[in-house]
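Here is the structure we will look at, set down as structure tokens.
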Amino acid sequence: MITRKDCLQLDASDPLASFRDRFVVPENLIYFDGNSLGLMPKAARARTLQVLEQEWAQDLITSWNKHGWFQEPVKLGDRLARLMGGGTGNMVVADGISINLFKLLTAALALRPDRKVILSDTGNFPSDLYVAQGLNTFLNNSHSLRLVAPEAVLDAIDETVAVVMVTEIDYRTARKHDMKALIAKAHAKGALVIWDLSHSAGAIPVDLLGSDCDFAVGCTYKFLNAGPGAPAFMFVHPNHHNTVSPALVGWWGDAHPFAFNLDYEPGPGITRYQVGTQPILSLAGLSASMEIWDDVDMVQLDAKRKSLCETFIACVEQRCADFDLSLAGQRDMTRRGSHVSFRSINGYPIMQALIKARVIGDFRAPDMIRFGFAPLYNTHAEVWDAVTVLHDILQNRTWDRPEFTTRKTVT
Ligand SMILES: Cc1ncc(COP(=O)(O)O)c(C=O)c1O
């Protein structure tokens, strides 16, 4: 039986405890949605004001050179790469995940012109599937998108598959694909793999080069705390750097953007995956969060992520056993990410009641209440206290009020 005292003890021996102070933590709020939009780093305010008031307001156009705006996407890519074993010169930050996925998918398909199958799974984030569907429509349905259950992906890889396109951590259940095994099988069959690391980056250790990963995309506004709508990252293995180009190109990816040549010439390596001018204000948010992430030990992060998830699952199952809640996904922490979902037929109103009580998670259709645990700022005491609120809401049926049933646009 876990007690609040146990939770406090776990927090007292947490080697990452001091990181919480580097974020803006709203008062009287338990925030378990860092897997959707991470807390704001305190440094973001000063960094953004610096860009606004000095670099934009005063230095204006000279900032592209003077403040290195033009190089920022590649520099930030290199800093992010440390967290994911991505090496140097293999990552860039630009655009959004879905757009980047389109770029990588077109590049990967061009590397396997004789194959016509894109393999993915039914647990993938729908937008990723829409990107593949849209591309295939554009290609006059020359390819097919083969969808199998997540557990069946490994066995479904055969010599017809051009590209396996999967999300490592399932956005609903947190089920984790075995990256190494899947890549090894794909390569043995001559296929390439594109990973969506949106729920992995800043949540679990990733070893891009060690796993021989071909391509990856991921999000910076979730666990990486770069701010709403901040640009996404892309990884391209050095073996593919100069052998192929994405179908979506623009002057930022050209070899000589300021030569203004009429014909496109792909830039070296990862730079060719940029298209046009990047959102410098959003990059300021990422730059501020990287000041924190540069100091993080990923082994410690993984240990705390496991501990927070385990504690939450144990507390819910121990204290809310009388109610209709069942754990979604794996129990084994090595086979899941850093969020936990419970299924309930009343999931939507339960989550609305929690939010009203200032415990923030979210709801994922059809029936999951989802809680993201950010190891840099969440605590075990928060886990205990949130479960106390959850228990009260279930016990008193607080969720069963009309105000909690109306679906909002964003769930
Ligand atoms: C796993 C995953 N992939 C893709 C996306 C889409 O990202 P974007 O809106 O930046 O294109 C999301 C958004 O939450 C996601 O969770």
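Chain lettering (A, B, ...) mirrors the order of the structure tokens, residue numbering begins at 1 for each chain separately, and ligand numbering begins at 1 in order of display.
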*Mind checking DSSP for stretch 39-221 of chain A and telling me the alpha helix (DSSP H) residues as an MDAnalysis selection string?*
chainID A and resid 43:49 63:66 72:83 97:111 126:138 153:156 179:188
_Surrounding residues of A:Leu80 excluding itself and chain neighbours under 3 positions, 9 Å, only C-alpha atoms, as an MDAnalysis selection string_ = chainID A and resid 75:77 83:84 86 91:93 201 233 290 293:294
_Among stretch 332-394 of chain A, which residues does DSSP mark as strand (DSSP E) when it is run on the backbone? Keep the chain and numbering as in the structure and answer as a PyMOL selection string._
chain A and resi 339-343+359-360+362-364+368-372
For the residues selected in the previous step, produce a file with all heavy atoms as a short mmCIF file (atom, residue, chain, number, x, y, z; two decimals), in the first residue's frame.
```cif
data_model
loop_
_atom_site.label_atom_id
_atom_site.label_comp_id
_atom_site.auth_asym_id
_atom_site.auth_seq_id
_atom_site.Cartn_x
_atom_site.Cartn_y
_atom_site.Cartn_z
N HIS A 339 3.00 8.67 -20.43
CA HIS A 339 1.63 9.03 -20.05
C HIS A 339 0.87 7.77 -19.72
O HIS A 339 1.27 6.66 -20.11
CB HIS A 339 0.92 9.87 -21.13
CG HIS A 339 0.77 9.21 -22.46
ND1 HIS A 339 1.72 9.32 -23.47
CD2 HIS A 339 -0.21 8.42 -22.97
CE1 HIS A 339 1.31 8.66 -24.53
NE2 HIS A 339 0.14 8.09 -24.26
N VAL A 340 -0.21 7.94 -18.98
CA VAL A 340 -1.02 6.79 -18.55
C VAL A 340 -2.48 7.13 -18.82
O VAL A 340 -2.94 8.21 -18.46
CB VAL A 340 -0.83 6.52 -17.03
CG1 VAL A 340 -1.77 5.41 -16.57
CG2 VAL A 340 0.62 6.16 -16.73
N SER A 341 -3.18 6.19 -19.44
CA SER A 341 -4.60 6.39 -19.70
C SER A 341 -5.41 5.31 -19.00
O SER A 341 -5.01 4.15 -18.96
CB SER A 341 -4.90 6.32 -21.20
OG SER A 341 -4.24 7.35 -21.87
N PHE A 342 -6.53 5.73 -18.49
CA PHE A 342 -7.51 4.79 -17.94
C PHE A 342 -8.78 4.90 -18.76
O PHE A 342 -9.17 6.00 -19.16
CB PHE A 342 -7.80 5.08 -16.47
CG PHE A 342 -6.78 4.50 -15.53
CD1 PHE A 342 -5.64 5.21 -15.19
CD2 PHE A 342 -6.94 3.21 -15.02
CE1 PHE A 342 -4.68 4.67 -14.34
CE2 PHE A 342 -5.99 2.66 -14.17
CZ PHE A 342 -4.86 3.39 -13.83
N ARG A 343 -9.39 3.75 -19.01
CA ARG A 343 -10.65 3.74 -19.75
C ARG A 343 -11.82 3.84 -18.78
O ARG A 343 -11.80 3.19 -17.74
CB ARG A 343 -10.82 2.43 -20.52
CG ARG A 343 -9.85 2.25 -21.65
CD ARG A 343 -10.09 0.88 -22.29
NE ARG A 343 -9.01 0.51 -23.16
CZ ARG A 343 -8.91 0.87 -24.44
NH1 ARG A 343 -9.85 1.59 -25.00
NH2 ARG A 343 -7.87 0.52 -25.15
N VAL A 359 -7.03 19.78 -11.72
CA VAL A 359 -6.12 18.67 -12.06
C VAL A 359 -6.25 18.50 -13.57
O VAL A 359 -7.29 18.08 -14.07
CB VAL A 359 -6.51 17.35 -11.35
CG1 VAL A 359 -5.63 16.20 -11.83
CG2 VAL A 359 -6.41 17.51 -9.84
N ILE A 360 -5.18 18.86 -14.30
CA ILE A 360 -5.31 18.93 -15.75
C ILE A 360 -4.73 17.69 -16.42
O ILE A 360 -3.54 17.39 -16.32
CB ILE A 360 -4.57 20.17 -16.32
CG1 ILE A 360 -4.92 21.43 -15.53
CG2 ILE A 360 -4.85 20.32 -17.82
CD1 ILE A 360 -6.24 22.02 -15.80
N ASP A 362 -6.20 15.11 -20.09
CA ASP A 362 -7.11 15.30 -21.22
C ASP A 362 -7.86 14.01 -21.51
O ASP A 362 -7.69 13.00 -20.82
CB ASP A 362 -6.41 15.91 -22.44
CG ASP A 362 -5.18 15.14 -22.89
OD1 ASP A 362 -5.14 13.91 -22.64
OD2 ASP A 362 -4.28 15.75 -23.50
N PHE A 363 -8.70 14.07 -22.52
CA PHE A 363 -9.57 12.95 -22.87
C PHE A 363 -9.26 12.56 -24.31
O PHE A 363 -9.13 13.42 -25.17
CB PHE A 363 -11.04 13.37 -22.74
CG PHE A 363 -12.01 12.34 -23.26
CD1 PHE A 363 -12.34 11.23 -22.48
CD2 PHE A 363 -12.59 12.47 -24.51
CE1 PHE A 363 -13.22 10.27 -22.97
CE2 PHE A 363 -13.48 11.52 -25.00
CZ PHE A 363 -13.79 10.42 -24.22
N ARG A 364 -9.13 11.27 -24.55
CA ARG A 364 -8.93 10.80 -25.91
C ARG A 364 -10.02 9.79 -26.24
O ARG A 364 -10.18 8.78 -25.53
CB ARG A 364 -7.53 10.19 -26.10
CG ARG A 364 -6.43 11.25 -26.18
CD ARG A 364 -6.58 12.13 -27.43
NE ARG A 364 -5.68 13.29 -27.47
CZ ARG A 364 -6.00 14.53 -27.08
NH1 ARG A 364 -7.17 14.79 -26.56
NH2 ARG A 364 -5.14 15.52 -27.20
N MET A 368 -10.94 7.38 -23.05
CA MET A 368 -9.74 7.40 -22.19
C MET A 368 -9.49 8.73 -21.51
O MET A 368 -9.49 9.78 -22.17
CB MET A 368 -8.51 7.06 -23.02
CG MET A 368 -8.48 5.59 -23.40
SD MET A 368 -7.00 5.23 -24.28
CE MET A 368 -7.65 4.01 -25.41
N ILE A 369 -9.27 8.68 -20.19
CA ILE A 369 -8.75 9.85 -19.51
C ILE A 369 -7.23 9.66 -19.47
O ILE A 369 -6.72 8.60 -19.11
CB ILE A 369 -9.35 10.05 -18.10
CG1 ILE A 369 -9.36 8.77 -17.26
CG2 ILE A 369 -10.76 10.59 -18.20
CD1 ILE A 369 -9.82 9.00 -15.82
N ARG A 370 -6.52 10.69 -19.93
CA ARG A 370 -5.08 10.55 -20.17
C ARG A 370 -4.32 11.55 -19.29
O ARG A 370 -4.69 12.71 -19.18
CB ARG A 370 -4.82 10.83 -21.65
CG ARG A 370 -3.41 10.61 -22.09
CD ARG A 370 -3.26 10.80 -23.60
NE ARG A 370 -3.34 12.21 -23.98
CZ ARG A 370 -2.83 12.72 -25.11
NH1 ARG A 370 -2.23 11.92 -25.98
NH2 ARG A 370 -2.94 14.00 -25.38
N PHE A 371 -3.24 11.04 -18.69
CA PHE A 371 -2.42 11.86 -17.78
C PHE A 371 -0.96 11.74 -18.22
O PHE A 371 -0.42 10.64 -18.29
CB PHE A 371 -2.55 11.34 -16.34
CG PHE A 371 -3.98 11.31 -15.83
CD1 PHE A 371 -4.80 10.21 -16.10
CD2 PHE A 371 -4.51 12.37 -15.12
CE1 PHE A 371 -6.11 10.17 -15.65
CE2 PHE A 371 -5.82 12.34 -14.66
CZ PHE A 371 -6.63 11.24 -14.93
N GLY A 372 -0.35 12.89 -18.50
CA GLY A 372 1.05 12.87 -18.92
C GLY A 372 1.94 13.25 -17.74
O GLY A 372 1.66 14.23 -17.03
#
```
*Please identify every polymer residue within 10 Å of ligand 1, using only C-alpha atoms and all ligand atoms, and present the set as number ranges by chain.*
A: 35-37, 95-101, 123-129, 131, 166-172, 195-200, 217-222, 228-233
*So how far away is atom CA of A:Cys213 from atom CA of A:Leu182, in Å?*
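Atom-to-atom, atom CA of A:Leu182 and atom CA of A:Cys213 are spaced 9.9 Å apart.
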Spatial neighbours of A:Glu310, 10 Å, only C-alpha atoms, chain gap at least 3 places, as a PDB file with C-alpha atoms, in the first residue's frame:
```pdb
ATOM      1  CA  LYS A 304      11.706   9.187 -12.793  1.00  0.00           C
ATOM      2  CA  ARG A 305       9.265   8.700 -15.664  1.00  0.00           C
ATOM      3  CA  LYS A 306       8.915   5.047 -14.692  1.00  0.00           C
ATOM      4  CA  SER A 307       8.487   5.907 -11.032  1.00  0.00           C
ATOM      5  CA  ILE A 313      -1.136   3.336 -11.718  1.00  0.00           C
ATOM      6  CA  ALA A 314      -0.715   1.849  -8.244  1.00  0.00           C
ATOM      7  CA  CYS A 315      -2.516   4.773  -6.548  1.00  0.00           C
ATOM      8  CA  ARG A 331       2.039  -2.431 -17.190  1.00  0.00           C
ATOM      9  CA  ASP A 332       5.664  -3.123 -18.027  1.00  0.00           C
ATOM     10  CA  MET A 333       7.346   0.303 -17.869  1.00  0.00           C
ATOM     11  CA  VAL A 340      -1.021   6.793 -18.545  1.00  0.00           C
TER      12      VAL A 340
END
```
*asked:* List the spatial neighbours of stretch 382-385 of chain A as a list in words - criterion: any atom at most 10 Å away, only C-alpha atoms, same-chain residues fewer than 4 positions off excluded.
replied: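 Near neighbours after the sequence-gap exclusion: Ile2, Thr3, Arg4, Lys5, Asp6, Cys7, Leu8, Asp11, Leu29, Ile30, Tyr31, Phe32, Leu308, Cys309, Thr311, Phe312, Ile313, Cys315, Val316, Arg319, Val359, Phe371, Phe373, Asn378, Val389, Leu390 and His391 of chain A.
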Generate the output file for the selected residues, N, CA and C atoms, as a PDB file, in the first residue's frame.
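Resulting contents of result23.pdb:
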```
ATOM      1  N   ILE A   2       0.644   2.097  -0.979  1.00  0.00           N
ATOM      2  CA  ILE A   2       1.392   3.359  -1.057  1.00  0.00           C
ATOM      3  C   ILE A   2       0.694   4.410  -0.183  1.00  0.00           C
ATOM      4  N   THR A   3       1.498   5.246   0.454  1.00  0.00           N
ATOM      5  CA  THR A   3       0.926   6.345   1.249  1.00  0.00           C
ATOM      6  C   THR A   3       1.471   7.677   0.719  1.00  0.00           C
ATOM      7  N   ARG A   4       0.886   8.763   1.181  1.00  0.00           N
ATOM      8  CA  ARG A   4       1.404  10.075   0.757  1.00  0.00           C
ATOM      9  C   ARG A   4       2.838  10.262   1.249  1.00  0.00           C
ATOM     10  N   LYS A   5       3.119   9.688   2.415  1.00  0.00           N
ATOM     11  CA  LYS A   5       4.477   9.798   2.966  1.00  0.00           C
ATOM     12  C   LYS A   5       5.495   9.138   2.021  1.00  0.00           C
ATOM     13  N   ASP A   6       5.109   7.974   1.457  1.00  0.00           N
ATOM     14  CA  ASP A   6       6.004   7.303   0.490  1.00  0.00           C
ATOM     15  C   ASP A   6       6.284   8.238  -0.689  1.00  0.00           C
ATOM     16  N   CYS A   7       5.214   8.898  -1.131  1.00  0.00           N
ATOM     17  CA  CYS A   7       5.373   9.798  -2.286  1.00  0.00           C
ATOM     18  C   CYS A   7       6.327  10.941  -1.941  1.00  0.00           C
ATOM     19  N   LEU A   8       6.175  11.485  -0.746  1.00  0.00           N
ATOM     20  CA  LEU A   8       7.057  12.581  -0.335  1.00  0.00           C
ATOM     21  C   LEU A   8       8.502  12.101  -0.236  1.00  0.00           C
ATOM     22  N   ASP A  11      10.000  11.937  -3.636  1.00  0.00           N
ATOM     23  CA  ASP A  11      10.352  13.287  -4.106  1.00  0.00           C
ATOM     24  C   ASP A  11      11.628  13.793  -3.416  1.00  0.00           C
ATOM     25  N   LEU A  29      -2.313  24.222  -9.085  1.00  0.00           N
ATOM     26  CA  LEU A  29      -2.651  23.475 -10.297  1.00  0.00           C
ATOM     27  C   LEU A  29      -1.796  22.217 -10.348  1.00  0.00           C
ATOM     28  N   ILE A  30      -2.449  21.081 -10.592  1.00  0.00           N
ATOM     29  CA  ILE A  30      -1.675  19.860 -10.856  1.00  0.00           C
ATOM     30  C   ILE A  30      -1.756  19.636 -12.355  1.00  0.00           C
ATOM     31  N   TYR A  31      -0.608  19.747 -13.009  1.00  0.00           N
ATOM     32  CA  TYR A  31      -0.597  19.735 -14.468  1.00  0.00           C
ATOM     33  C   TYR A  31      -0.034  18.410 -14.983  1.00  0.00           C
ATOM     34  N   PHE A  32      -0.926  17.546 -15.456  1.00  0.00           N
ATOM     35  CA  PHE A  32      -0.514  16.274 -16.043  1.00  0.00           C
ATOM     36  C   PHE A  32      -0.850  16.255 -17.533  1.00  0.00           C
ATOM     37  N   LEU A 308       7.043   7.776 -11.680  1.00  0.00           N
ATOM     38  CA  LEU A 308       5.788   8.550 -11.652  1.00  0.00           C
ATOM     39  C   LEU A 308       4.635   7.729 -12.225  1.00  0.00           C
ATOM     40  N   CYS A 309       4.893   7.060 -13.343  1.00  0.00           N
ATOM     41  CA  CYS A 309       3.811   6.272 -13.982  1.00  0.00           C
ATOM     42  C   CYS A 309       3.401   5.109 -13.076  1.00  0.00           C
ATOM     43  N   THR A 311       3.735   4.839  -9.850  1.00  0.00           N
ATOM     44  CA  THR A 311       3.048   5.330  -8.654  1.00  0.00           C
ATOM     45  C   THR A 311       1.609   5.690  -8.983  1.00  0.00           C
ATOM     46  N   PHE A 312       1.413   6.340 -10.117  1.00  0.00           N
ATOM     47  CA  PHE A 312       0.052   6.744 -10.499  1.00  0.00           C
ATOM     48  C   PHE A 312      -0.837   5.507 -10.700  1.00  0.00           C
ATOM     49  N   ILE A 313      -0.329   4.537 -11.453  1.00  0.00           N
ATOM     50  CA  ILE A 313      -1.136   3.336 -11.718  1.00  0.00           C
ATOM     51  C   ILE A 313      -1.485   2.649 -10.386  1.00  0.00           C
ATOM     52  N   CYS A 315      -1.592   3.960  -7.366  1.00  0.00           N
ATOM     53  CA  CYS A 315      -2.516   4.773  -6.548  1.00  0.00           C
ATOM     54  C   CYS A 315      -3.940   4.669  -7.079  1.00  0.00           C
ATOM     55  N   VAL A 316      -4.113   4.745  -8.389  1.00  0.00           N
ATOM     56  CA  VAL A 316      -5.477   4.665  -8.946  1.00  0.00           C
ATOM     57  C   VAL A 316      -6.062   3.289  -8.644  1.00  0.00           C
ATOM     58  N   ARG A 319      -6.762   3.026  -4.809  1.00  0.00           N
ATOM     59  CA  ARG A 319      -7.711   3.927  -4.156  1.00  0.00           C
ATOM     60  C   ARG A 319      -9.028   4.096  -4.918  1.00  0.00           C
ATOM     61  N   VAL A 359      -7.026  19.777 -11.719  1.00  0.00           N
ATOM     62  CA  VAL A 359      -6.122  18.668 -12.056  1.00  0.00           C
ATOM     63  C   VAL A 359      -6.252  18.498 -13.570  1.00  0.00           C
ATOM     64  N   PHE A 371      -3.236  11.044 -18.693  1.00  0.00           N
ATOM     65  CA  PHE A 371      -2.422  11.858 -17.779  1.00  0.00           C
ATOM     66  C   PHE A 371      -0.963  11.742 -18.215  1.00  0.00           C
ATOM     67  N   PHE A 373       3.032  12.495 -17.557  1.00  0.00           N
ATOM     68  CA  PHE A 373       3.933  12.762 -16.428  1.00  0.00           C
ATOM     69  C   PHE A 373       5.262  13.284 -16.950  1.00  0.00           C
ATOM     70  N   ASN A 378       6.968  17.254 -12.675  1.00  0.00           N
ATOM     71  CA  ASN A 378       5.922  16.605 -11.870  1.00  0.00           C
ATOM     72  C   ASN A 378       6.526  15.885 -10.671  1.00  0.00           C
ATOM     73  N   VAL A 389      -8.213  13.716  -5.600  1.00  0.00           N
ATOM     74  CA  VAL A 389      -9.275  14.478  -6.278  1.00  0.00           C
ATOM     75  C   VAL A 389     -10.100  13.540  -7.162  1.00  0.00           C
ATOM     76  N   LEU A 390      -9.421  12.662  -7.883  1.00  0.00           N
ATOM     77  CA  LEU A 390     -10.127  11.714  -8.761  1.00  0.00           C
ATOM     78  C   LEU A 390     -11.076  10.844  -7.938  1.00  0.00           C
ATOM     79  N   HIS A 391     -10.580  10.359  -6.810  1.00  0.00           N
ATOM     80  CA  HIS A 391     -11.410   9.514  -5.951  1.00  0.00           C
ATOM     81  C   HIS A 391     -12.655  10.273  -5.483  1.00  0.00           C
TER      82      HIS A 391
END
```
_Just to confirm, what's the straight-line distance from atom CA of A:Ser13 to atom CA of A:Asp295 in Å (one decimal)?_
18.4 Å
*Non-local contacts of A:Pro246 (8 Å; only C-alpha atoms; under 2 positions in same chain excluded) as a list of chain:residue names*: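 Non-adjacent residues within range: A:Lys103, A:Leu104, A:Leu105, A:Thr106, A:Ala107, A:Val244, A:Leu248, A:Val249, A:Arg272, A:Tyr273.
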*Do you know which residues are at most 10 Å from A:Val25 counting only C-alpha atoms, after dropping those on the same chain fewer than 6 positions away, and could you put them as JSON, numbers by chain?*
{"A": [31, 39, 40, 41, 42, 377, 378]}
Dump as a PDB file, in the first residue's frame, selection limited to N, CA, C and O atoms:
```pdb
ATOM      1  N   TYR A  31      -0.608  19.747 -13.009  1.00  0.00           N
ATOM      2  CA  TYR A  31      -0.597  19.735 -14.468  1.00  0.00           C
ATOM      3  C   TYR A  31      -0.034  18.410 -14.983  1.00  0.00           C
ATOM      4  O   TYR A  31       1.174  18.182 -14.940  1.00  0.00           O
ATOM      5  N   LEU A  39       4.886  22.735 -19.762  1.00  0.00           N
ATOM      6  CA  LEU A  39       4.959  23.993 -19.003  1.00  0.00           C
ATOM      7  C   LEU A  39       5.952  24.952 -19.651  1.00  0.00           C
ATOM      8  O   LEU A  39       6.895  24.527 -20.321  1.00  0.00           O
ATOM      9  N   MET A  40       5.751  26.218 -19.395  1.00  0.00           N
ATOM     10  CA  MET A  40       6.647  27.232 -19.967  1.00  0.00           C
ATOM     11  C   MET A  40       7.933  27.350 -19.134  1.00  0.00           C
ATOM     12  O   MET A  40       7.865  27.533 -17.911  1.00  0.00           O
ATOM     13  N   PRO A  41       9.093  27.261 -19.796  1.00  0.00           N
ATOM     14  CA  PRO A  41      10.335  27.506 -19.051  1.00  0.00           C
ATOM     15  C   PRO A  41      10.376  28.968 -18.618  1.00  0.00           C
ATOM     16  O   PRO A  41       9.970  29.849 -19.369  1.00  0.00           O
ATOM     17  N   LYS A  42      10.878  29.206 -17.404  1.00  0.00           N
ATOM     18  CA  LYS A  42      10.975  30.604 -16.939  1.00  0.00           C
ATOM     19  C   LYS A  42      11.815  31.450 -17.903  1.00  0.00           C
ATOM     20  O   LYS A  42      11.531  32.612 -18.136  1.00  0.00           O
ATOM     21  N   TYR A 377       9.228  18.226 -14.028  1.00  0.00           N
ATOM     22  CA  TYR A 377       8.531  19.097 -13.065  1.00  0.00           C
ATOM     23  C   TYR A 377       7.433  18.428 -12.267  1.00  0.00           C
ATOM     24  O   TYR A 377       6.963  18.983 -11.285  1.00  0.00           O
ATOM     25  N   ASN A 378       6.968  17.254 -12.675  1.00  0.00           N
ATOM     26  CA  ASN A 378       5.922  16.605 -11.870  1.00  0.00           C
ATOM     27  C   ASN A 378       6.526  15.885 -10.671  1.00  0.00           C
ATOM     28  O   ASN A 378       7.695  15.482 -10.702  1.00  0.00           O
TER      29      ASN A 378
END
```
*Suppose you want the space between atom CA of A:Ala181 and atom CA of A:Ser211; what is it in Å?*
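These atoms are spaced 8.6 Å apart.
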